[in-house]
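Structure first, commentary second.
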Amino acid sequence: MINKVKTAVLLSAGLGTRMRPITNSIPKPLVKVNNKSLIETVIDSLIFYGVENIYIVTGYLADKFSFLEKKYNGKCEIHFVHNKDYETKNNISSLYVVKDLIKDNCFICEADLFIPDEKLFSTLNINRSCYFGNFVEGHSDDWAFVCDSDKKITKIAIGGDNLFNMVGISVWSKEDFLQIGNRVGEMMNEPNGDSRFWDEAVDDILNKISVHVLPIENGQIIEIDTVEELERVRKNYEK
């Protein structure tokens, strides 16, 4: 069981190629909606919940994130960890560079999410290792979870019908994170292991750890992948 989570990892190293030309000059997590960057909506939600230490894994245009340390001074500790392999390896390499730094329960968050309500995490019953998930009726081509009747995850896969979809936020007990980190380390030394996603490390060890889906409603966490999606979100949330 998890009581409180005071540490978070934000994955912010990617190139954001699907949002070009906007991301030619800024990293995708720094794209703004309603005058606030996407990563700030994630950080504000974590701080409101009670997170005290945030590890931001940077890569592409890493220096652009430096303002966050000053902005959140006194609210939480911001730690930057650079992933030098961000251009050649998949996001498993971002978890690899931070895995030995995390010694407690933690969030793992994509940093290019828009969270409209900073109180969201505080309204959820976070008491065990879990992925936040949004149930999608019908077919989906996104990352999704096969679950049992108790919402325990039995398989992580791309695509399926009537499943909870991944939304980019997960929470881990320190014991489960240690096992994930160990598997990530193994994968990085396997043929083509560095081309995989870190969530595949979780899928590999589902027989060793217990992970559930924590349901959220549609629109509570919004993933923005393209310029068209960004414009739709801006239209709905900017006044």
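In the structure tokens, each chain is lettered A, B, ... as it comes, each chain's residues begin at 1, and ligands are numbered from 1 in order of appearance.
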Skipping near chain neighbours, those fewer than 4 positions away, what residues fall within 8 Å of Lys99 of chain A using only C-alpha atoms, listed as a VMD selection string?
-> chain A and resid 95 178 181
8 Å contact set for Val167 of chain A, only C-alpha atoms, chain neighbours under 6 positions out, as a PyMOL selection string = chain A and resi 132-134+221-223
Got a sec: who's within 7 Å of Pro116 of chain A, counting only C-alpha atoms, leaving out chain neighbours fewer than 2 positions off, as a ChimeraX atom specification?
-> /A:114,118,220
Selection export as a short mmCIF file (atom, residue, chain, number, x, y, z; two decimals), in the first residue's frame, atoms kept: C-alpha atoms:
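Below is the file part-v2.cif, written as the result:
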data_model
loop_
_atom_site.label_atom_id
_atom_site.label_comp_id
_atom_site.auth_asym_id
_atom_site.auth_seq_id
_atom_site.Cartn_x
_atom_site.Cartn_y
_atom_site.Cartn_z
CA PHE A 114 -2.42 19.31 -20.29
CA GLU A 118 -4.45 21.23 -10.60
CA GLN A 220 -9.12 15.32 -16.99
#
Find the spatial neighbours of Val33 of chain A, counting only C-alpha atoms, within a cut-off of 9 Å - ignore same-chain residues fewer than 5 positions away - and output them as a PyMOL selection string.
-> chain A and resi 38+114+230+233-234+237-238
Among the residues of segment 58-127 of chain A, find those DSSP assigns to alpha helix (DSSP H) from the backbone and print them as a list in words.
-> Phe67, Leu68, Glu69, Lys70, Lys71, Ile92, Ser93, Ser94, Leu95, Tyr96, Val97, Val98, Leu120, Phe121, Ser122 and Thr123 of chain A
Using only C-alpha atoms, please write the residues we just selected to a file, as a PDB file, in the first residue's frame.
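out24.pdb written:
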ATOM      1  CA  PHE A  67      13.447  28.731 -15.688  1.00  0.00           C
ATOM      2  CA  LEU A  68      11.430  26.096 -13.829  1.00  0.00           C
ATOM      3  CA  GLU A  69      13.967  25.859 -11.013  1.00  0.00           C
ATOM      4  CA  LYS A  70      13.531  29.557 -10.158  1.00  0.00           C
ATOM      5  CA  LYS A  71       9.782  29.580 -10.743  1.00  0.00           C
ATOM      6  CA  ILE A  92      13.415   3.721 -21.883  1.00  0.00           C
ATOM      7  CA  SER A  93      16.713   5.626 -21.892  1.00  0.00           C
ATOM      8  CA  SER A  94      15.096   8.489 -19.965  1.00  0.00           C
ATOM      9  CA  LEU A  95      14.012   6.207 -17.150  1.00  0.00           C
ATOM     10  CA  TYR A  96      17.428   4.558 -17.234  1.00  0.00           C
ATOM     11  CA  VAL A  97      19.262   7.796 -16.369  1.00  0.00           C
ATOM     12  CA  VAL A  98      17.077   8.459 -13.325  1.00  0.00           C
ATOM     13  CA  LEU A 120      -7.015  16.419  -9.892  1.00  0.00           C
ATOM     14  CA  PHE A 121      -4.441  14.195  -8.188  1.00  0.00           C
ATOM     15  CA  SER A 122      -5.725  15.189  -4.755  1.00  0.00           C
ATOM     16  CA  THR A 123      -9.228  13.987  -5.647  1.00  0.00           C
TER      17      THR A 123
END
Find the residues around Lys152 of chain A up to 12 Å (only C-alpha atoms counted), leave out those fewer than 5 positions away in its own chain, and share them as a compact mmCIF listing (two decimals) with C-alpha atoms, in the first residue's frame.
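Now in out26.txt:
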# COMPACT_ATOMS: atom_id res chain seq x y z
CA ARG A 128 -1.13 1.41 -4.64
CA SER A 129 0.99 1.14 -7.78
CA CYS A 130 -1.21 2.19 -10.68
CA TYR A 131 -1.53 3.69 -14.10
CA GLY A 133 -6.44 5.20 -17.34
CA PHE A 145 -4.35 -2.14 -20.50
CA VAL A 146 -5.88 -5.59 -20.35
CA CYS A 147 -7.32 -5.94 -16.82
CA PHE A 164 -8.55 1.53 -20.40
CA LEU A 206 3.68 -8.10 -14.35
CA ASN A 207 4.14 -11.56 -12.87
CA ILE A 209 4.42 -6.79 -9.26
CA SER A 210 0.78 -5.86 -8.78
CA VAL A 211 -0.35 -2.87 -10.87
CA HIS A 212 -3.90 -1.57 -11.22
CA VAL A 213 -5.70 0.99 -13.35
CA LEU A 214 -6.89 4.12 -11.56
CA PRO A 215 -9.80 5.36 -13.69
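Residues with any atom within 10 Å of Met1 of chain A, counting only C-alpha atoms and excluding same-chain neighbours fewer than 2 positions away, are Asn3, Lys4, Ile126, Asn127, Arg128, Ser129, Trp172 and Ser173 of chain A.
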Output file for the selection above: N, CA and C atoms, as a PDB file, in the first residue's frame:
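See part36.pdb below for the written result:
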ATOM      1  N   ASN A   3       1.012   5.301   1.012  1.00  0.00           N
ATOM      2  CA  ASN A   3       0.386   6.357   1.800  1.00  0.00           C
ATOM      3  C   ASN A   3       0.485   7.698   1.086  1.00  0.00           C
ATOM      4  N   LYS A   4       1.696   8.204   0.936  1.00  0.00           N
ATOM      5  CA  LYS A   4       1.891   9.496   0.290  1.00  0.00           C
ATOM      6  C   LYS A   4       3.036   9.405  -0.705  1.00  0.00           C
ATOM      7  N   ILE A 126      -5.131   7.431  -4.414  1.00  0.00           N
ATOM      8  CA  ILE A 126      -3.855   6.838  -4.827  1.00  0.00           C
ATOM      9  C   ILE A 126      -3.291   6.064  -3.644  1.00  0.00           C
ATOM     10  N   ASN A 127      -3.461   4.748  -3.670  1.00  0.00           N
ATOM     11  CA  ASN A 127      -3.023   3.951  -2.513  1.00  0.00           C
ATOM     12  C   ASN A 127      -2.246   2.696  -2.901  1.00  0.00           C
ATOM     13  N   ARG A 128      -1.925   2.557  -4.191  1.00  0.00           N
ATOM     14  CA  ARG A 128      -1.131   1.414  -4.638  1.00  0.00           C
ATOM     15  C   ARG A 128      -0.543   1.744  -6.005  1.00  0.00           C
ATOM     16  N   SER A 129       0.394   0.928  -6.461  1.00  0.00           N
ATOM     17  CA  SER A 129       0.989   1.142  -7.779  1.00  0.00           C
ATOM     18  C   SER A 129      -0.102   1.095  -8.842  1.00  0.00           C
ATOM     19  N   TRP A 172       4.072   4.612  -8.393  1.00  0.00           N
ATOM     20  CA  TRP A 172       4.746   3.369  -8.038  1.00  0.00           C
ATOM     21  C   TRP A 172       5.215   3.370  -6.601  1.00  0.00           C
ATOM     22  N   SER A 173       5.028   2.232  -5.938  1.00  0.00           N
ATOM     23  CA  SER A 173       5.673   2.058  -4.641  1.00  0.00           C
ATOM     24  C   SER A 173       7.176   1.971  -4.869  1.00  0.00           C
TER      25      SER A 173
END
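With only C-alpha atoms as the basis for measurement, A:Lys89 is the residue among A:Lys174, A:Lys103, A:Lys89, A:Lys36 that approaches Leu15 of chain A most closely.
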Find the residue from A:Leu61, A:Val227, A:Cys109, A:Ile56 that sits nearest to Pro21 of chain A; use only C-alpha atoms when measuring.
-> A:Val227
In Å and to one decimal, atom CA of Val9 of chain A is distant from atom CA of Glu110 of chain A by 8.5 Å
Please measure the separation of atom CA of Val42 of chain A and atom CA of Asp203 of chain A, giving the value in Å to one decimal.
->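 Computed distance, atom CA of Val42 of chain A to atom CA of Asp203 of chain A, equals 24.8 Å.
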Please indicate the distance in Å from atom CA of Asp194 of chain A to atom CA of Asn83 of chain A, rounded to one decimal place.
-> 12.6 Å
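Minimum atom-to-atom distance to Asn73 of chain A, evaluated using only C-alpha atoms, belongs to A:Asn53 out of A:Asn53, A:Asn236, A:Asn34, A:Ser25.
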For segment 57-59 of chain A, list every protein, DNA or RNA residue within 7 Å, evaluated using only C-alpha atoms, and leave out those in the same chain fewer than 6 positions away; present the list as JSON, numbers by chain.
-> {"A": [10, 11, 12, 13, 14, 80, 81, 82, 83, 84, 86, 94]}
Hey, can you spit out that residue selection with C-alpha atoms as a PDB file, in the first residue's frame?
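This went into again_0.pdb:
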ATOM      1  CA  LEU A  10       8.857  13.968 -15.556  1.00  0.00           C
ATOM      2  CA  LEU A  11       9.922  12.620 -18.939  1.00  0.00           C
ATOM      3  CA  SER A  12      10.782  15.656 -21.054  1.00  0.00           C
ATOM      4  CA  ALA A  13      13.536  14.595 -23.430  1.00  0.00           C
ATOM      5  CA  GLY A  14      11.680  13.962 -26.685  1.00  0.00           C
ATOM      6  CA  PHE A  80      17.393  18.231 -13.870  1.00  0.00           C
ATOM      7  CA  VAL A  81      18.788  14.971 -15.242  1.00  0.00           C
ATOM      8  CA  HIS A  82      20.036  15.007 -18.845  1.00  0.00           C
ATOM      9  CA  ASN A  83      19.491  12.117 -21.234  1.00  0.00           C
ATOM     10  CA  LYS A  84      22.321  12.437 -23.726  1.00  0.00           C
ATOM     11  CA  TYR A  86      17.488  11.285 -26.456  1.00  0.00           C
ATOM     12  CA  SER A  94      15.096   8.489 -19.965  1.00  0.00           C
TER      13      SER A  94
END
Expected answer as a PyMOL selection string: strand (DSSP E) residues in segment 116-238 of chain A | chain A and resi 130-147+153-172+212-215+222-223
Please dump the current selection as a short mmCIF file (atom, residue, chain, number, x, y, z; two decimals), in the first residue's frame; keep N, CA and C atoms.
data_model
loop_
_atom_site.label_atom_id
_atom_site.label_comp_id
_atom_site.auth_asym_id
_atom_site.auth_seq_id
_atom_site.Cartn_x
_atom_site.Cartn_y
_atom_site.Cartn_z
N CYS A 130 -0.12 2.10 -9.70
CA CYS A 130 -1.21 2.19 -10.68
C CYS A 130 -0.82 3.04 -11.86
N TYR A 131 -1.49 2.79 -12.96
CA TYR A 131 -1.53 3.69 -14.10
C TYR A 131 -2.87 4.41 -14.10
N PHE A 132 -2.87 5.72 -14.34
CA PHE A 132 -4.13 6.40 -14.59
C PHE A 132 -4.61 5.92 -15.97
N GLY A 133 -5.91 5.68 -16.08
CA GLY A 133 -6.44 5.20 -17.34
C GLY A 133 -7.80 5.76 -17.66
N ASN A 134 -8.06 5.96 -18.94
CA ASN A 134 -9.33 6.48 -19.41
C ASN A 134 -10.00 5.39 -20.24
N PHE A 135 -11.20 4.96 -19.82
CA PHE A 135 -11.87 3.86 -20.52
C PHE A 135 -12.40 4.34 -21.87
N VAL A 136 -12.07 3.57 -22.90
CA VAL A 136 -12.50 3.90 -24.27
C VAL A 136 -13.38 2.76 -24.78
N GLU A 137 -14.61 3.10 -25.11
CA GLU A 137 -15.52 2.11 -25.69
C GLU A 137 -15.20 1.95 -27.18
N GLY A 138 -15.25 0.70 -27.63
CA GLY A 138 -14.91 0.43 -29.02
C GLY A 138 -13.42 0.27 -29.20
N HIS A 139 -12.96 0.42 -30.43
CA HIS A 139 -11.56 0.15 -30.75
C HIS A 139 -10.68 1.39 -30.51
N SER A 140 -9.48 1.13 -30.04
CA SER A 140 -8.47 2.17 -29.87
C SER A 140 -7.14 1.64 -30.38
N ASP A 141 -6.35 2.53 -30.99
CA ASP A 141 -5.02 2.16 -31.47
C ASP A 141 -3.93 2.64 -30.52
N ASP A 142 -4.31 3.17 -29.38
CA ASP A 142 -3.34 3.69 -28.42
C ASP A 142 -2.87 2.60 -27.47
N TRP A 143 -1.88 2.97 -26.63
CA TRP A 143 -1.43 2.08 -25.57
C TRP A 143 -2.59 1.86 -24.60
N ALA A 144 -2.80 0.60 -24.22
CA ALA A 144 -3.95 0.28 -23.40
C ALA A 144 -3.62 -0.88 -22.46
N PHE A 145 -4.56 -1.13 -21.53
CA PHE A 145 -4.35 -2.14 -20.50
C PHE A 145 -5.42 -3.22 -20.57
N VAL A 146 -4.97 -4.46 -20.56
CA VAL A 146 -5.88 -5.59 -20.35
C VAL A 146 -5.94 -5.83 -18.84
N CYS A 147 -7.15 -5.86 -18.28
CA CYS A 147 -7.32 -5.94 -16.82
C CYS A 147 -8.24 -7.09 -16.43
N ILE A 153 -3.86 -4.96 -13.84
CA ILE A 153 -3.36 -5.04 -15.20
C ILE A 153 -2.68 -6.39 -15.43
N THR A 154 -3.10 -7.06 -16.49
CA THR A 154 -2.51 -8.35 -16.85
C THR A 154 -1.69 -8.27 -18.13
N LYS A 155 -1.86 -7.17 -18.89
CA LYS A 155 -1.11 -7.00 -20.13
C LYS A 155 -1.13 -5.53 -20.53
N ILE A 156 0.00 -5.04 -20.99
CA ILE A 156 0.09 -3.70 -21.57
C ILE A 156 0.37 -3.87 -23.05
N ALA A 157 -0.48 -3.30 -23.89
CA ALA A 157 -0.35 -3.53 -25.33
C ALA A 157 -0.82 -2.30 -26.10
N ILE A 158 -0.51 -2.29 -27.37
CA ILE A 158 -0.97 -1.21 -28.26
C ILE A 158 -2.22 -1.69 -28.98
N GLY A 159 -3.32 -0.97 -28.77
CA GLY A 159 -4.55 -1.28 -29.47
C GLY A 159 -5.41 -2.33 -28.79
N GLY A 160 -6.69 -2.24 -29.06
CA GLY A 160 -7.64 -3.20 -28.51
C GLY A 160 -9.03 -2.59 -28.44
N ASP A 161 -9.96 -3.35 -27.93
CA ASP A 161 -11.35 -2.93 -27.87
C ASP A 161 -11.83 -2.86 -26.43
N ASN A 162 -12.54 -1.77 -26.11
CA ASN A 162 -13.18 -1.61 -24.79
C ASN A 162 -12.17 -1.80 -23.66
N LEU A 163 -11.14 -0.97 -23.68
CA LEU A 163 -10.06 -1.06 -22.71
C LEU A 163 -9.78 0.31 -22.09
N PHE A 164 -9.08 0.29 -20.95
CA PHE A 164 -8.55 1.53 -20.40
C PHE A 164 -7.31 1.92 -21.18
N ASN A 165 -7.28 3.17 -21.66
CA ASN A 165 -6.13 3.68 -22.39
C ASN A 165 -5.16 4.38 -21.45
N MET A 166 -3.89 4.29 -21.77
CA MET A 166 -2.85 4.98 -21.03
C MET A 166 -2.98 6.49 -21.24
N VAL A 167 -2.78 7.27 -20.17
CA VAL A 167 -2.88 8.72 -20.30
C VAL A 167 -1.59 9.44 -19.90
N GLY A 168 -0.54 8.68 -19.59
CA GLY A 168 0.76 9.31 -19.35
C GLY A 168 1.14 9.56 -17.91
N ILE A 169 0.33 9.07 -16.96
CA ILE A 169 0.62 9.24 -15.54
C ILE A 169 0.57 7.88 -14.85
N SER A 170 1.57 7.60 -14.04
CA SER A 170 1.55 6.37 -13.24
C SER A 170 2.17 6.66 -11.88
N VAL A 171 1.88 5.79 -10.92
CA VAL A 171 2.38 5.93 -9.55
C VAL A 171 2.93 4.58 -9.11
N TRP A 172 4.07 4.61 -8.39
CA TRP A 172 4.75 3.37 -8.04
C TRP A 172 5.21 3.37 -6.60
N HIS A 212 -2.50 -1.74 -10.90
CA HIS A 212 -3.90 -1.57 -11.22
C HIS A 212 -4.11 -0.32 -12.08
N VAL A 213 -5.28 -0.23 -12.67
CA VAL A 213 -5.70 0.99 -13.35
C VAL A 213 -6.47 1.85 -12.37
N LEU A 214 -6.13 3.13 -12.32
CA LEU A 214 -6.89 4.12 -11.56
C LEU A 214 -7.70 4.93 -12.57
N PRO A 215 -9.01 4.72 -12.64
CA PRO A 215 -9.80 5.36 -13.69
C PRO A 215 -9.89 6.88 -13.52
N ILE A 222 -5.15 15.53 -20.74
CA ILE A 222 -5.25 15.60 -22.19
C ILE A 222 -3.85 15.51 -22.80
N GLU A 223 -3.66 14.49 -23.62
CA GLU A 223 -2.40 14.34 -24.35
C GLU A 223 -2.52 15.09 -25.66
#
